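Trainee: Structure: entry.cif, mmCIF, N, CA and C atoms and all ligand atoms.
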```
data_start
loop_
_atom_site.label_atom_id
_atom_site.label_comp_id
_atom_site.auth_asym_id
_atom_site.auth_seq_id
_atom_site.Cartn_x
_atom_site.Cartn_y
_atom_site.Cartn_z
N MET A 27 60.96 98.48 103.19
CA MET A 27 61.80 97.60 102.39
C MET A 27 63.14 97.39 103.09
N ALA A 28 63.53 96.16 103.17
CA ALA A 28 64.78 95.86 103.87
C ALA A 28 65.99 96.17 102.99
N LEU A 29 66.98 96.71 103.61
CA LEU A 29 68.22 97.03 102.92
C LEU A 29 69.19 95.86 103.12
N LYS A 30 69.40 95.10 102.06
CA LYS A 30 70.33 93.97 102.15
C LYS A 30 71.69 94.42 101.67
N ALA A 31 72.63 94.49 102.58
CA ALA A 31 73.93 95.03 102.23
C ALA A 31 75.01 93.95 102.32
N ASP A 32 75.81 93.89 101.29
CA ASP A 32 76.98 93.03 101.29
C ASP A 32 78.18 93.95 101.57
N PHE A 33 78.70 93.81 102.78
CA PHE A 33 79.75 94.74 103.23
C PHE A 33 80.96 94.72 102.29
N SER A 34 81.25 93.55 101.73
CA SER A 34 82.45 93.42 100.89
C SER A 34 82.34 94.25 99.61
N HIS A 35 81.13 94.59 99.20
CA HIS A 35 80.96 95.40 97.99
C HIS A 35 81.51 96.81 98.15
N PHE A 36 81.67 97.23 99.40
CA PHE A 36 82.17 98.58 99.65
C PHE A 36 83.68 98.62 99.76
N LEU A 37 84.30 97.43 99.76
CA LEU A 37 85.73 97.35 100.04
C LEU A 37 86.48 96.74 98.86
N ASN A 38 87.73 97.13 98.71
CA ASN A 38 88.55 96.49 97.69
C ASN A 38 89.27 95.28 98.30
N GLU A 39 90.13 94.63 97.53
CA GLU A 39 90.75 93.38 98.01
C GLU A 39 91.69 93.60 99.19
N ASN A 40 92.09 94.83 99.42
CA ASN A 40 92.95 95.12 100.58
C ASN A 40 92.15 95.52 101.81
N GLY A 41 90.83 95.44 101.72
CA GLY A 41 89.99 95.79 102.86
C GLY A 41 89.79 97.28 103.03
N LYS A 42 90.26 98.06 102.05
CA LYS A 42 90.05 99.51 102.11
C LYS A 42 88.75 99.86 101.41
N VAL A 43 88.23 101.02 101.77
CA VAL A 43 86.95 101.44 101.22
C VAL A 43 87.14 101.95 99.79
N HIS A 44 86.33 101.48 98.87
CA HIS A 44 86.31 102.00 97.51
C HIS A 44 85.97 103.49 97.54
N SER A 45 86.28 104.19 96.47
CA SER A 45 85.75 105.55 96.38
C SER A 45 84.26 105.41 96.06
N LEU A 46 83.46 105.98 96.94
CA LEU A 46 82.01 105.78 96.88
C LEU A 46 81.31 107.05 96.48
N THR A 47 80.16 106.88 95.89
CA THR A 47 79.31 108.04 95.65
C THR A 47 78.86 108.58 97.01
N GLU A 48 78.35 109.78 97.00
CA GLU A 48 77.91 110.39 98.25
C GLU A 48 76.84 109.54 98.94
N GLN A 49 75.93 109.02 98.13
CA GLN A 49 74.85 108.18 98.66
C GLN A 49 75.42 106.89 99.26
N ALA A 50 76.30 106.22 98.51
CA ALA A 50 76.88 104.96 98.97
C ALA A 50 77.74 105.19 100.20
N SER A 51 78.42 106.31 100.21
CA SER A 51 79.28 106.64 101.32
C SER A 51 78.48 106.84 102.60
N MET A 52 77.30 107.42 102.47
CA MET A 52 76.43 107.64 103.61
C MET A 52 75.92 106.30 104.14
N VAL A 53 75.53 105.43 103.23
CA VAL A 53 75.06 104.11 103.62
C VAL A 53 76.20 103.34 104.29
N PHE A 54 77.38 103.44 103.72
CA PHE A 54 78.50 102.70 104.29
C PHE A 54 78.85 103.19 105.70
N THR A 55 78.80 104.49 105.90
CA THR A 55 79.04 105.04 107.23
C THR A 55 78.05 104.48 108.24
N PHE A 56 76.82 104.36 107.81
CA PHE A 56 75.77 103.78 108.64
C PHE A 56 76.09 102.31 108.95
N LEU A 57 76.41 101.55 107.90
CA LEU A 57 76.66 100.11 108.07
C LEU A 57 77.88 99.83 108.93
N LYS A 58 78.94 100.58 108.74
CA LYS A 58 80.16 100.27 109.49
C LYS A 58 79.98 100.56 110.98
N LYS A 59 79.15 101.53 111.31
CA LYS A 59 78.85 101.79 112.72
C LYS A 59 78.11 100.62 113.34
N ILE A 60 77.20 100.06 112.57
CA ILE A 60 76.45 98.90 113.06
C ILE A 60 77.40 97.71 113.25
N VAL A 61 78.22 97.44 112.24
CA VAL A 61 79.15 96.30 112.32
C VAL A 61 80.06 96.47 113.53
N SER A 62 80.59 97.65 113.68
CA SER A 62 81.51 97.90 114.76
C SER A 62 80.84 97.76 116.13
N ALA A 63 79.62 98.28 116.26
CA ALA A 63 78.91 98.20 117.55
C ALA A 63 78.49 96.76 117.86
N VAL A 64 78.00 96.06 116.84
CA VAL A 64 77.53 94.70 117.05
C VAL A 64 78.69 93.76 117.40
N THR A 65 79.76 93.87 116.67
CA THR A 65 80.88 92.94 116.90
C THR A 65 81.57 93.23 118.23
N PHE A 66 81.38 94.43 118.74
CA PHE A 66 81.94 94.79 120.03
C PHE A 66 81.20 94.08 121.17
N GLU A 67 79.92 93.80 120.95
CA GLU A 67 79.09 93.16 121.98
C GLU A 67 78.35 91.98 121.36
N ILE A 68 79.10 91.16 120.67
CA ILE A 68 78.51 90.10 119.86
C ILE A 68 77.67 89.10 120.67
N GLU A 69 77.97 88.98 121.98
CA GLU A 69 77.22 88.02 122.80
C GLU A 69 75.84 88.54 123.18
N GLN A 70 75.63 89.85 123.03
CA GLN A 70 74.34 90.41 123.42
C GLN A 70 73.26 90.04 122.40
N PRO A 71 72.08 89.69 122.88
CA PRO A 71 71.00 89.35 121.94
C PRO A 71 70.55 90.55 121.09
N ILE A 72 70.52 91.72 121.71
CA ILE A 72 70.16 92.95 120.98
C ILE A 72 71.19 94.01 121.33
N ILE A 73 71.72 94.64 120.33
CA ILE A 73 72.70 95.70 120.55
C ILE A 73 72.07 97.01 120.11
N GLU A 74 72.06 97.97 121.02
CA GLU A 74 71.59 99.30 120.65
C GLU A 74 72.74 100.06 120.02
N VAL A 75 72.58 100.39 118.75
CA VAL A 75 73.63 101.10 118.04
C VAL A 75 73.40 102.59 118.21
N ASP A 76 74.46 103.32 118.44
CA ASP A 76 74.34 104.76 118.64
C ASP A 76 74.18 105.46 117.29
N LEU A 77 73.03 105.25 116.68
CA LEU A 77 72.78 105.77 115.34
C LEU A 77 71.32 106.18 115.25
N GLN A 78 71.07 107.27 114.53
CA GLN A 78 69.70 107.61 114.23
C GLN A 78 69.33 106.99 112.89
N CYS A 79 68.09 106.57 112.79
CA CYS A 79 67.58 105.97 111.57
C CYS A 79 67.89 106.83 110.34
N SER A 80 67.72 108.12 110.47
CA SER A 80 67.90 109.02 109.32
C SER A 80 69.34 109.12 108.84
N THR A 81 70.28 108.54 109.59
CA THR A 81 71.68 108.61 109.19
C THR A 81 71.93 107.94 107.85
N ARG A 82 71.08 106.95 107.50
CA ARG A 82 71.35 106.19 106.28
C ARG A 82 70.89 106.90 105.01
N ALA A 83 70.11 107.96 105.13
CA ALA A 83 69.67 108.70 103.96
C ALA A 83 69.29 110.10 104.40
N ASN A 84 69.81 111.10 103.73
CA ASN A 84 69.61 112.45 104.25
C ASN A 84 68.23 113.02 103.99
N ASP A 85 67.38 112.30 103.24
CA ASP A 85 66.02 112.80 103.06
C ASP A 85 65.05 112.18 104.07
N LEU A 86 65.59 111.46 105.05
CA LEU A 86 64.75 110.89 106.09
C LEU A 86 64.76 111.79 107.31
N THR A 87 63.66 111.80 108.01
CA THR A 87 63.62 112.58 109.24
C THR A 87 63.32 111.72 110.44
N CYS A 88 63.30 110.40 110.26
CA CYS A 88 63.01 109.50 111.37
C CYS A 88 64.09 109.65 112.44
N THR A 89 63.66 109.86 113.66
CA THR A 89 64.62 110.02 114.75
C THR A 89 64.73 108.75 115.60
N GLY A 90 64.16 107.66 115.08
CA GLY A 90 64.28 106.38 115.78
C GLY A 90 65.74 105.96 115.86
N SER A 91 66.02 105.06 116.78
CA SER A 91 67.39 104.58 116.84
C SER A 91 67.44 103.13 116.39
N ILE A 92 68.64 102.68 116.13
CA ILE A 92 68.85 101.39 115.49
C ILE A 92 69.20 100.31 116.51
N ASP A 93 68.48 99.21 116.44
CA ASP A 93 68.79 98.03 117.23
C ASP A 93 69.31 96.97 116.26
N ALA A 94 70.29 96.20 116.71
CA ALA A 94 70.85 95.19 115.82
C ALA A 94 71.09 93.90 116.59
N SER A 95 71.19 92.82 115.85
CA SER A 95 71.49 91.53 116.46
C SER A 95 72.25 90.68 115.46
N CYS A 96 72.94 89.71 115.98
CA CYS A 96 73.73 88.85 115.12
C CYS A 96 73.64 87.42 115.66
N PRO A 97 72.47 86.79 115.49
CA PRO A 97 72.21 85.51 116.16
C PRO A 97 73.12 84.37 115.71
N ASP A 98 73.53 84.34 114.48
CA ASP A 98 74.33 83.19 114.03
C ASP A 98 75.76 83.56 113.64
N LEU A 99 76.19 84.75 114.03
CA LEU A 99 77.57 85.21 113.79
C LEU A 99 77.94 85.33 112.32
N THR A 100 76.97 85.32 111.43
CA THR A 100 77.32 85.54 110.03
C THR A 100 76.55 86.71 109.44
N ILE A 101 75.29 86.83 109.82
CA ILE A 101 74.47 87.89 109.24
C ILE A 101 73.96 88.80 110.35
N ILE A 102 74.21 90.07 110.18
CA ILE A 102 73.74 91.06 111.15
C ILE A 102 72.37 91.57 110.69
N HIS A 103 71.43 91.54 111.61
CA HIS A 103 70.10 92.09 111.34
C HIS A 103 69.98 93.40 112.11
N TRP A 104 69.42 94.41 111.48
CA TRP A 104 69.19 95.66 112.20
C TRP A 104 67.79 96.17 111.87
N HIS A 105 67.25 96.94 112.77
CA HIS A 105 65.97 97.58 112.49
C HIS A 105 65.85 98.85 113.31
N CYS A 106 65.02 99.73 112.80
CA CYS A 106 64.73 100.97 113.49
C CYS A 106 63.68 100.68 114.56
N ASP A 107 63.82 101.32 115.72
CA ASP A 107 62.83 101.07 116.77
C ASP A 107 61.56 101.91 116.59
N SER A 108 61.52 102.77 115.57
CA SER A 108 60.34 103.63 115.38
C SER A 108 59.63 103.46 114.04
N CYS A 109 60.32 102.99 113.02
CA CYS A 109 59.67 102.85 111.71
C CYS A 109 59.96 101.48 111.13
N GLU A 110 59.60 101.31 109.87
CA GLU A 110 59.71 100.00 109.22
C GLU A 110 61.12 99.68 108.73
N ALA A 111 62.01 100.63 108.84
CA ALA A 111 63.34 100.44 108.27
C ALA A 111 64.05 99.25 108.91
N SER A 112 64.65 98.42 108.06
CA SER A 112 65.39 97.28 108.58
C SER A 112 66.34 96.80 107.50
N GLY A 113 67.21 95.91 107.87
CA GLY A 113 68.12 95.40 106.87
C GLY A 113 69.05 94.36 107.44
N THR A 114 69.89 93.85 106.56
CA THR A 114 70.87 92.85 106.96
C THR A 114 72.23 93.26 106.40
N ILE A 115 73.26 92.77 107.05
CA ILE A 115 74.63 93.02 106.57
C ILE A 115 75.35 91.68 106.54
N THR A 116 75.93 91.36 105.41
CA THR A 116 76.72 90.13 105.31
C THR A 116 78.15 90.48 104.92
N ASN A 117 79.03 89.50 105.05
CA ASN A 117 80.44 89.63 104.66
C ASN A 117 81.18 90.75 105.38
N TRP A 118 80.82 90.95 106.64
CA TRP A 118 81.50 91.96 107.46
C TRP A 118 82.69 91.33 108.19
N GLN A 119 82.73 89.99 108.24
CA GLN A 119 83.77 89.33 109.02
C GLN A 119 85.16 89.63 108.47
N GLY A 120 86.07 89.93 109.36
CA GLY A 120 87.46 90.17 108.97
C GLY A 120 87.70 91.57 108.43
N SER A 121 86.66 92.40 108.37
CA SER A 121 86.88 93.77 107.90
C SER A 121 87.49 94.59 109.03
N MET A 122 87.89 95.79 108.69
CA MET A 122 88.48 96.70 109.68
C MET A 122 87.55 96.98 110.85
N TRP A 123 86.26 96.80 110.63
CA TRP A 123 85.27 97.16 111.66
C TRP A 123 84.76 95.94 112.42
N ASP A 124 85.39 94.79 112.18
CA ASP A 124 85.04 93.57 112.89
C ASP A 124 85.83 93.54 114.20
N ASN A 125 85.11 93.72 115.31
CA ASN A 125 85.76 93.76 116.63
C ASN A 125 85.71 92.42 117.34
N THR A 126 85.32 91.36 116.64
CA THR A 126 85.17 90.06 117.31
C THR A 126 86.51 89.40 117.60
N LYS A 127 87.55 89.79 116.91
CA LYS A 127 88.86 89.24 117.20
C LYS A 127 89.91 90.33 117.08
N PRO A 128 91.06 90.12 117.69
CA PRO A 128 92.09 91.16 117.60
C PRO A 128 92.48 91.42 116.15
N THR A 129 92.64 92.67 115.82
CA THR A 129 93.01 93.02 114.45
C THR A 129 94.50 92.76 114.23
N ILE A 130 94.80 92.10 113.16
CA ILE A 130 96.20 91.86 112.81
C ILE A 130 96.61 92.84 111.71
N HIS A 131 97.63 93.61 112.00
CA HIS A 131 98.07 94.60 111.02
C HIS A 131 99.30 94.12 110.27
ZN ZN B 201 63.21 104.82 111.42
#
```
How does the structure come out when it is put into structure tokens?

Mentor:
Amino acid sequence: MALKADFSHFLNENGKVHSLTEQASMVFTFLKKIVSAVTFEIEQPIIEVDLQCSTRANDLTCTGSIDASCPDLTIIHWHCDSCEASGTITNWQGSMWDNTKPTIH
């Protein structure tokens, strides 16, 4: 089952992370690594994210790694190279983890 994540749901209006449940926090840690890795190499067709599949849920033991792509610069697609796990991330643009443009503080 694909995990469809709206990145903005994890953030408040100031772009800071909401206080999250342990489960949500784990998922968010997973997602932000993907966003950060993908936006760092946005021109690449496939970005290998330095993440293990099991990072997104502690009851998983899959040791596959995560590949991601962002073909249209709006929606990030990711999938595990060993199992069926996959998902999308939207509304990551302009967040703290968006490396596509210089961050303005
Ligand atoms: Zn997997």

Trainee: Ligand ZN 201 (chain B): which residues are within 6.5 Å, counting only N, CA and C atoms and all ligand atoms? Reply as a ChimeraX atom specification.

Mentor: /A:79-80,88-91,106-111

Trainee: Given only C-alpha atoms as the basis, pick out the residue of A:Gln49, A:Ser62, A:Glu69, A:Thr100 nearest to A:Thr81.

Mentor: A:Gln49

Trainee: When DSSP works through the backbone of this structure, what residues of chain A end up as alpha helix (DSSP H), shown as an MDAnalysis selection string?

Mentor: chainID A and resid 48:66

Trainee: Atom C of A:Thr114 and atom N of A:Ala28, how far apart in Å?

Mentor: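 So the two atoms, atom N of A:Ala28 and atom C of A:Thr114, lie 9.7 Å apart.
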
Trainee: Please, what distance in Å, to one decimal, runs between atom N of A:Glu39 and atom C of A:Val75?

Mentor: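 Between atom N of A:Glu39 and atom C of A:Val75 the gap is 27.8 Å.
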
Trainee: In Å, how far is it from atom CA of A:Asn38 to atom N of A:Ala83?

Mentor: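 Between these atoms lies a distance of 23.0 Å.
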
Trainee: Find the residue from A:Ser95, A:Leu29, A:Ser45, A:Ser34 that sits nearest to A:Gln70; use only C-alpha atoms when measuring.

Mentor: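 Going through A:Ser95, A:Leu29, A:Ser45, A:Ser34 one by one, the smallest distance to A:Gln70 is for A:Ser95.
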
Trainee: Rank nothing, just name the residue among A:Ile92, A:Asp98, A:Thr47, A:Phe36 nearest to A:Ser112, using only C-alpha atoms.

Mentor: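 Among A:Ile92, A:Asp98, A:Thr47, A:Phe36, it is A:Ile92 that comes nearest to A:Ser112.
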